[in-house]
Structure formats: C-alpha cells, structure tokens
Amino acid sequence: MALQAEDGGLSQPGRRTLALPATTAPVRIEVKNLIVVVLYHLAALLAFLPWFFSWTGVATFIAGIYIFGVLGINLCYHRLLTHRSFACPKWFEHLLVVLAVCCVQDPPARWVATHRLHHHHADEQPDPHSPLVSFFWGHMGWILVKNHGLSPLALYERYAADIIRDPFYIWLEQGNVWFRIVLLSWLAFFGIGTLGALAFGSTLAEALQFGASILIWGVFVRTVCVWHQTWAVNSIAHFWGYRNYETEDDSRNNVFVGIVSHGEGWHNNHHADPRSARHGHRRFEIDFTYLIIRGLAAIGLAKNIVKPRKSW
C-alpha cells in the first residue's frame with residue numbers, strides 16, 4: 001500500500017453509492033434489535049433528570065467507557081478475536097469477552113464474523129454496514145433490518161470457525177446466555193450502588209436513588225456512548241477524513257473518531273493493515289487501545305503483538 005496525501009474528505013464529489021445488501025431483501029424490521037436500541041436510548045435520557053444524577057454515577061460511566069468499551073470491544077472483540085493482533089492467556093481472553101458482551105453488541109462469534117465479512121467485502125454490496133448505502137445505514141440502520149446473510153448458519157463456519165471451536169463461546173450463545181449476563185450486570189450495578197449507599201448510612205430512599213443513578217449512568221448511558229463510538233467507525237470513518245493508503249474501499253482516518261474511540265478511528269490504516277495491533281501509524285495518530293496492549297505485554301498478559309508492516 002502506498003502512502004498518499006489527500007484532502008480532508010470534506011467534499012468528495014462523485015462519491016459512489018451502493019444498494020442494500022441483497023441478503024436484506026425483502027426489507028423487514030429486526031424487531032428485537034429495534035426494541036433494545038430504543039429502550040437503551042430512552043433509559044439513557046433519564047440521565048437528564050436530576051433524580052438520577054450523582055457524581056459517582058458519572059465516574060462509573062467514564063470508567064465503564066474504558067473497562068467495557070476499550071477493553072471489551074476495541075481490544076478484545078476487535079483486535080484480539082477478530083484480527084488476532086496479539087495473544088493472551090485464555091482465562092484473560094474469556095474475562096475480556098464477558099466485559100464485551102455487557103456492551104450489547106452481539107455475542108463474540110457473531111461480532112467477529114460480521115466484522116470479518118465487512119473486511120472481505122468492504123464498501124461492496126455484501127458489506128453489512130457500508131455508509132455508501134446511506135450514512136444512517138452505515139451508522140445503525142443495518143442493525144435494525146433483518147439480514148439473513150448474518151445468520152449463524154450462513155456466517156459462522158466461514159468467518160468465525162476459530163471462535164466457535166471454543167466451548168465457552170458456544171455456551172454464551174446457547175439460550176442467549178450472553179444476554180443473561182447483560183441482565184445480571186444491570187442487577188450488579190444497581191445492587192452494588194444501593195448496598196454501598198446503605199453501608200455508608202444512607203436511608204433506603206437515598207440508597208435506591210443512588211443505586212438508580214449508578215444503573216442509569218454506569219449501564220445505559222455508557223452502553224449508548226460505546227455503541228455510537230463503535231458505529232462511528234463504520235459510518236464517519238468510511239465517509240470523512242484523510243487517507244494514508246490507497247485501499248480499495250472508502251476507509252478513512254478521522255481525527256475526531258480516532259480520539260473518541262481510543263484509536264479505532266484510524267480506519268484507513270486499519271484497512272490497509274488489518275492484522276496490526278497498532279492502528280495509529282503516524283506520530284500524531286494516538287492509539288490508546290494499542291498503548292493498553294503494550295501495557296498488558298509489560299505485565300505478561302499479552303504477547304505475539306503484530307506490528308505495522310510500514311513504519312515512519
């Protein structure tokens with residue numbers, strides 16, 4: 001891949017367009033996903049009501065972005081499981097997966113298979129979430145429409161065979177165990193918040209209010225923010241930004257997404273060199289997720305880190 005200079009991608013006349021993936025015909029709403037997405041957003045809006053506010057809740061939200069979003073989605077689902085950019089002990093991998101499923105972005109086999117399909121057909125019609133269909137489609141519309149090409153039978157054997165060889169990941173999907181973990185996380189956040197407040201002498205009413213604030217901020221606000229960080233990579237980072245490499249897709253490095261997604265937004269770099277654990281290739285392209293991988297390596301929890309094929 002050759003290094004190239006381009007404009008910022010703010011005006012790109014003649015951008016090509018795509019039809020919906022053929023596997024979505026006839027177009028039907030994915031009702032379960034629609035209900036989950038709407039309910040989570042409505043619950044997150046409760047954060048604007050004073051009764052659900054606490055500074056501890058805000059702190060829990062911020063910590064959750066890193067614990068569940070960065071460690072779970074960026075580091076585990078994406079760089080570890082999907083691209084095998086590094087290796088770690090199996091017990092630690094499974095722990096990271098539990099964090100990831102609490103982000104409500106599908107069980108690991110489906111997430112991995114969908115993302116590998118995206119790389120295989122990036123910005124071509126089979127791509128499940130190219131924004132060349134429409135920006136909304138690339139961001140979240142694809143989640144709300146049935147796509148029989150993303151069914152386990154159609155997807156797993158080809159794109160996630162290594163994942164489904166692990167009995168732990170098969171167990172997560174049996175009876176939707178992964179979503180039961182999500183529900184248990186709700187109880188854990190609310191229960192720990194409430195019991196903690198009672199332990200420090202709060203009345204029952206005060207403790208319930210505090211527990212509710214931890215639940216709303218630590219679960220719903222955090223999950224919605226992590227969703228949009230992930231979705232922005234699929235949408236914004238295929239629409240606006242600059243390109244270091246002449247890839248065959250429309251992937252771009254977007255500074256805003258690169259920062260808020262902790263390194264995932266250097267997306268053109270990633271599409272040019274998918275296996276690299278480091279997505280930020282230039283000095284100013286700060287990749288916080290990669291720094292965490294290096295930190296894990298320093299304490300013996302990560303090894304065989306794949307370096308970029310090109311360095312500056």
# chains A, B, ... in the order shown; residues from 1 in each chain; ligands from 1

$ residues_around --residues "Asn176 of chain A" --least-positions-apart "5" --cutoff "9 Å" --atoms "only C-alpha atoms" --output "JSON, numbers by chain"
{"A": [107, 171, 181]}

$ write_last_selection --atoms "C-alpha atoms" --output "PDB file, in the first residue's frame"
ATOM      1  CA  PRO A 107     -22.012 -12.498  21.246  1.00  0.00           C
ATOM      2  CA  TRP A 171     -22.093 -21.741  25.680  1.00  0.00           C
ATOM      3  CA  ILE A 181     -25.013 -11.766  31.576  1.00  0.00           C
TER       4      ILE A 181
END

$ select_by_dssp --residues "segment 152-272 of chain A" --states "alpha helix (DSSP H)" --output "JSON list (two decimals) with C-alpha atoms, in the first residue's frame"
[["chain", "number", "residue", "atom", "x", "y", "z"],
["A", 152, "PRO", "CA", -25.19, -18.09, 12.33],
["A", 153, "LEU", "CA", -25.56, -20.85, 9.74],
["A", 154, "ALA", "CA", -24.59, -18.50, 6.92],
["A", 155, "LEU", "CA", -21.80, -16.75, 8.76],
["A", 156, "TYR", "CA", -20.04, -18.72, 11.48],
["A", 157, "GLU", "CA", -18.49, -21.61, 9.59],
["A", 158, "ARG", "CA", -16.87, -19.29, 7.05],
["A", 159, "TYR", "CA", -15.96, -16.28, 9.15],
["A", 161, "ALA", "CA", -14.74, -21.12, 12.70],
["A", 162, "ASP", "CA", -11.89, -20.42, 15.13],
["A", 163, "ILE", "CA", -14.27, -18.76, 17.58],
["A", 164, "ILE", "CA", -16.91, -21.50, 17.64],
["A", 167, "PRO", "CA", -16.84, -24.32, 24.03],
["A", 168, "PHE", "CA", -17.05, -21.12, 26.12],
["A", 169, "TYR", "CA", -18.24, -19.11, 23.12],
["A", 170, "ILE", "CA", -20.74, -21.79, 22.11],
["A", 171, "TRP", "CA", -22.09, -21.74, 25.68],
["A", 172, "LEU", "CA", -22.55, -17.97, 25.54],
["A", 173, "GLU", "CA", -24.96, -18.36, 22.62],
["A", 177, "VAL", "CA", -26.55, -16.81, 27.95],
["A", 178, "TRP", "CA", -24.64, -13.74, 26.81],
["A", 179, "PHE", "CA", -27.75, -11.56, 27.19],
["A", 180, "ARG", "CA", -28.45, -13.05, 30.60],
["A", 181, "ILE", "CA", -25.01, -11.77, 31.58],
["A", 182, "VAL", "CA", -26.13, -8.33, 30.39],
["A", 183, "LEU", "CA", -29.22, -8.50, 32.61],
["A", 184, "LEU", "CA", -27.10, -9.65, 35.57],
["A", 185, "SER", "CA", -24.86, -6.63, 35.02],
["A", 186, "TRP", "CA", -27.90, -4.38, 35.46],
["A", 187, "LEU", "CA", -28.61, -6.00, 38.82],
["A", 188, "ALA", "CA", -24.96, -5.78, 39.82],
["A", 189, "PHE", "CA", -24.69, -2.05, 39.13],
["A", 190, "PHE", "CA", -27.97, -1.26, 40.87],
["A", 191, "GLY", "CA", -27.39, -3.65, 43.76],
["A", 192, "ILE", "CA", -23.81, -2.59, 44.49],
["A", 193, "GLY", "CA", -24.80, 1.06, 44.34],
["A", 194, "THR", "CA", -27.77, 0.59, 46.66],
["A", 195, "LEU", "CA", -25.99, -1.63, 49.18],
["A", 196, "GLY", "CA", -22.95, 0.61, 49.15],
["A", 197, "ALA", "CA", -25.07, 3.65, 49.99],
["A", 198, "LEU", "CA", -26.81, 1.76, 52.80],
["A", 199, "ALA", "CA", -23.42, 0.71, 54.19],
["A", 204, "LEU", "CA", -33.40, 3.35, 51.99],
["A", 205, "ALA", "CA", -34.86, 6.05, 49.75],
["A", 206, "GLU", "CA", -31.46, 7.69, 49.34],
["A", 207, "ALA", "CA", -29.81, 4.33, 48.68],
["A", 208, "LEU", "CA", -32.35, 3.43, 46.00],
["A", 209, "GLN", "CA", -31.83, 6.81, 44.33],
["A", 210, "PHE", "CA", -28.07, 6.32, 44.40],
["A", 211, "GLY", "CA", -28.37, 2.77, 43.01],
["A", 212, "ALA", "CA", -30.60, 4.06, 40.22],
["A", 213, "SER", "CA", -28.03, 6.72, 39.31],
["A", 214, "ILE", "CA", -25.31, 4.08, 39.08],
["A", 215, "LEU", "CA", -27.56, 1.93, 36.89],
["A", 222, "ARG", "CA", -22.24, 4.10, 28.97],
["A", 223, "THR", "CA", -23.67, 1.46, 26.61],
["A", 224, "VAL", "CA", -25.24, 4.05, 24.30],
["A", 225, "CYS", "CA", -21.99, 6.03, 24.15],
["A", 226, "VAL", "CA", -19.95, 2.90, 23.38],
["A", 227, "TRP", "CA", -22.49, 1.96, 20.70],
["A", 228, "HIS", "CA", -22.09, 5.29, 18.93],
["A", 229, "GLN", "CA", -18.31, 5.18, 19.24],
["A", 230, "THR", "CA", -18.30, 1.78, 17.53],
["A", 231, "TRP", "CA", -20.89, 2.77, 14.94],
["A", 232, "ALA", "CA", -18.99, 5.97, 14.12],
["A", 233, "VAL", "CA", -16.08, 3.87, 12.91],
["A", 234, "ASN", "CA", -18.43, 2.14, 10.45],
["A", 235, "SER", "CA", -20.05, 5.37, 9.29],
["A", 255, "VAL", "CA", -9.29, 12.59, 13.84],
["A", 256, "PHE", "CA", -12.49, 13.02, 15.87],
["A", 257, "VAL", "CA", -13.37, 9.32, 15.73],
["A", 258, "GLY", "CA", -9.74, 8.37, 16.33],
["A", 259, "ILE", "CA", -9.78, 10.29, 19.60],
["A", 260, "VAL", "CA", -13.24, 9.41, 20.95],
["A", 267, "HIS", "CA", -9.58, 3.28, 9.98],
["A", 268, "ASN", "CA", -7.76, 3.66, 6.68],
["A", 269, "ASN", "CA", -4.58, 2.47, 8.41],
["A", 270, "HIS", "CA", -6.53, -0.48, 9.79],
["A", 271, "HIS", "CA", -7.97, -1.49, 6.42],
["A", 272, "ALA", "CA", -4.52, -1.24, 4.84]]

$ closest_residue --among "A:Gly69, A:Pro108, A:Pro21, A:Gly175" --to "Ala122 of chain A" --atoms "only C-alpha atoms"
A:Pro21

$ closest_atom_pairs --of "segment 238-277 of chain A" --to "segment 132-142 of chain A" --cutoff "12 Å" --atoms "only C-alpha atoms" --output "CSV"
residue,atom,partner,partner_atom,distance
A:His238,CA,A:Leu132,CA,8.2
A:Phe239,CA,A:Phe135,CA,8.0
A:Trp240,CA,A:Phe135,CA,10.9
A:Asp249,CA,A:Leu132,CA,10.4
A:Asp250,CA,A:Leu132,CA,8.7
A:Ser251,CA,A:Leu132,CA,11.0

$ write_last_selection --atoms "N, CA, C and O atoms" --output "short mmCIF file (atom, residue, chain, number, x, y, z; two decimals), in the first residue's frame"
data_model
loop_
_atom_site.label_atom_id
_atom_site.label_comp_id
_atom_site.auth_asym_id
_atom_site.auth_seq_id
_atom_site.Cartn_x
_atom_site.Cartn_y
_atom_site.Cartn_z
N HIS A 238 -15.77 5.90 7.23
CA HIS A 238 -15.84 5.48 5.83
C HIS A 238 -16.40 6.62 4.97
O HIS A 238 -16.70 6.42 3.80
N PHE A 239 -16.52 7.81 5.58
CA PHE A 239 -17.17 8.91 4.89
C PHE A 239 -16.32 10.17 4.86
O PHE A 239 -16.19 10.82 3.81
N TRP A 240 -15.74 10.56 6.00
CA TRP A 240 -14.97 11.79 6.10
C TRP A 240 -13.61 11.50 6.74
O TRP A 240 -13.51 10.72 7.68
N ASP A 249 -11.27 0.23 -0.63
CA ASP A 249 -12.51 0.67 -0.02
C ASP A 249 -12.45 2.17 0.24
O ASP A 249 -11.49 2.83 -0.15
N ASP A 250 -13.46 2.70 0.92
CA ASP A 250 -13.52 4.13 1.22
C ASP A 250 -13.10 4.44 2.66
O ASP A 250 -13.46 5.48 3.20
N SER A 251 -12.37 3.55 3.30
CA SER A 251 -11.96 3.77 4.69
C SER A 251 -11.11 5.03 4.81
O SER A 251 -10.32 5.36 3.92
#

$ atom_distance --atom1 "atom CA of Ser130 of chain A" --atom2 "atom CA of Glu264 of chain A"
16.4 Å

$ closest_residue --among "A:Val37, A:Leu150, A:Val219, A:Leu45" --to "Leu99 of chain A" --atoms "only C-alpha atoms"
A:Val219

$ decode --residues "segment 151-181 of chain A" --atoms "N, CA, C and O atoms" --output "compact mmCIF listing (two decimals), in the first residue's frame"
# COMPACT_ATOMS: atom_id res chain seq x y z
N SER A 151 -27.03 -14.63 9.56
CA SER A 151 -27.48 -15.71 10.44
C SER A 151 -26.29 -16.60 10.77
O SER A 151 -25.35 -16.72 9.98
N PRO A 152 -26.32 -17.24 11.95
CA PRO A 152 -25.19 -18.09 12.33
C PRO A 152 -24.84 -19.16 11.30
O PRO A 152 -23.66 -19.40 11.02
N LEU A 153 -25.85 -19.80 10.71
CA LEU A 153 -25.56 -20.85 9.74
C LEU A 153 -24.84 -20.31 8.52
O LEU A 153 -23.95 -20.96 7.95
N ALA A 154 -25.19 -19.09 8.11
CA ALA A 154 -24.59 -18.50 6.92
C ALA A 154 -23.21 -17.91 7.20
O ALA A 154 -22.40 -17.76 6.30
N LEU A 155 -22.95 -17.60 8.45
CA LEU A 155 -21.80 -16.75 8.76
C LEU A 155 -20.68 -17.47 9.51
O LEU A 155 -19.50 -17.31 9.18
N TYR A 156 -21.03 -18.26 10.53
CA TYR A 156 -20.04 -18.72 11.48
C TYR A 156 -18.99 -19.66 10.87
O TYR A 156 -17.79 -19.50 11.14
N GLU A 157 -19.44 -20.62 10.09
CA GLU A 157 -18.49 -21.61 9.59
C GLU A 157 -17.44 -20.97 8.70
O GLU A 157 -16.27 -21.37 8.71
N ARG A 158 -17.81 -19.94 7.95
CA ARG A 158 -16.87 -19.29 7.05
C ARG A 158 -16.02 -18.23 7.73
O ARG A 158 -14.84 -18.11 7.45
N TYR A 159 -16.65 -17.45 8.62
CA TYR A 159 -15.96 -16.28 9.15
C TYR A 159 -15.63 -16.36 10.64
O TYR A 159 -14.96 -15.47 11.16
N ALA A 160 -16.10 -17.38 11.34
CA ALA A 160 -15.80 -17.46 12.77
C ALA A 160 -15.54 -18.89 13.22
O ALA A 160 -15.82 -19.25 14.36
N ALA A 161 -14.97 -19.71 12.35
CA ALA A 161 -14.74 -21.12 12.70
C ALA A 161 -13.81 -21.24 13.90
O ALA A 161 -13.99 -22.13 14.74
N ASP A 162 -12.82 -20.37 14.00
CA ASP A 162 -11.89 -20.42 15.13
C ASP A 162 -12.57 -20.06 16.44
O ASP A 162 -12.21 -20.57 17.51
N ILE A 163 -13.57 -19.19 16.37
CA ILE A 163 -14.27 -18.76 17.58
C ILE A 163 -15.18 -19.88 18.09
O ILE A 163 -15.19 -20.20 19.29
N ILE A 164 -15.94 -20.49 17.19
CA ILE A 164 -16.91 -21.50 17.64
C ILE A 164 -16.26 -22.82 18.01
O ILE A 164 -16.93 -23.74 18.47
N ARG A 165 -14.95 -22.93 17.82
CA ARG A 165 -14.25 -24.12 18.33
C ARG A 165 -14.07 -24.06 19.85
O ARG A 165 -13.79 -25.08 20.48
N ASP A 166 -14.25 -22.89 20.42
CA ASP A 166 -14.10 -22.71 21.86
C ASP A 166 -15.45 -22.97 22.53
O ASP A 166 -16.41 -22.25 22.29
N PRO A 167 -15.56 -24.00 23.38
CA PRO A 167 -16.84 -24.32 24.03
C PRO A 167 -17.42 -23.15 24.82
O PRO A 167 -18.64 -23.04 24.94
N PHE A 168 -16.56 -22.27 25.35
CA PHE A 168 -17.05 -21.12 26.12
C PHE A 168 -17.91 -20.22 25.26
O PHE A 168 -18.95 -19.71 25.70
N TYR A 169 -17.50 -20.00 24.01
CA TYR A 169 -18.24 -19.11 23.12
C TYR A 169 -19.52 -19.77 22.61
O TYR A 169 -20.52 -19.08 22.37
N ILE A 170 -19.50 -21.08 22.46
CA ILE A 170 -20.74 -21.79 22.11
C ILE A 170 -21.73 -21.68 23.27
O ILE A 170 -22.93 -21.42 23.07
N TRP A 171 -21.24 -21.84 24.49
CA TRP A 171 -22.09 -21.74 25.68
C TRP A 171 -22.74 -20.37 25.79
O TRP A 171 -23.93 -20.25 26.14
N LEU A 172 -22.00 -19.32 25.44
CA LEU A 172 -22.55 -17.97 25.54
C LEU A 172 -23.78 -17.79 24.66
O LEU A 172 -24.67 -16.99 24.99
N GLU A 173 -23.85 -18.52 23.55
CA GLU A 173 -24.96 -18.36 22.62
C GLU A 173 -26.12 -19.30 22.91
O GLU A 173 -27.24 -19.06 22.44
N GLN A 174 -25.88 -20.35 23.67
CA GLN A 174 -26.95 -21.30 23.98
C GLN A 174 -27.94 -20.66 24.95
O GLN A 174 -27.57 -20.27 26.05
N GLY A 175 -29.20 -20.55 24.51
CA GLY A 175 -30.20 -19.92 25.37
C GLY A 175 -29.92 -18.46 25.64
O GLY A 175 -30.37 -17.93 26.67
N ASN A 176 -29.16 -17.82 24.75
CA ASN A 176 -28.81 -16.39 24.93
C ASN A 176 -28.17 -16.13 26.29
O ASN A 176 -28.50 -15.15 26.98
N VAL A 177 -27.26 -17.00 26.68
CA VAL A 177 -26.55 -16.81 27.95
C VAL A 177 -25.87 -15.45 27.98
O VAL A 177 -25.84 -14.78 29.02
N TRP A 178 -25.34 -15.02 26.84
CA TRP A 178 -24.64 -13.74 26.81
C TRP A 178 -25.56 -12.59 27.22
O TRP A 178 -25.13 -11.67 27.94
N PHE A 179 -26.85 -12.65 26.81
CA PHE A 179 -27.75 -11.56 27.19
C PHE A 179 -28.18 -11.69 28.65
O PHE A 179 -28.49 -10.69 29.29
N ARG A 180 -28.18 -12.89 29.17
CA ARG A 180 -28.45 -13.05 30.60
C ARG A 180 -27.34 -12.40 31.42
O ARG A 180 -27.60 -11.84 32.50
N ILE A 181 -26.12 -12.47 30.91
CA ILE A 181 -25.01 -11.77 31.58
C ILE A 181 -25.26 -10.27 31.57
O ILE A 181 -24.99 -9.57 32.56
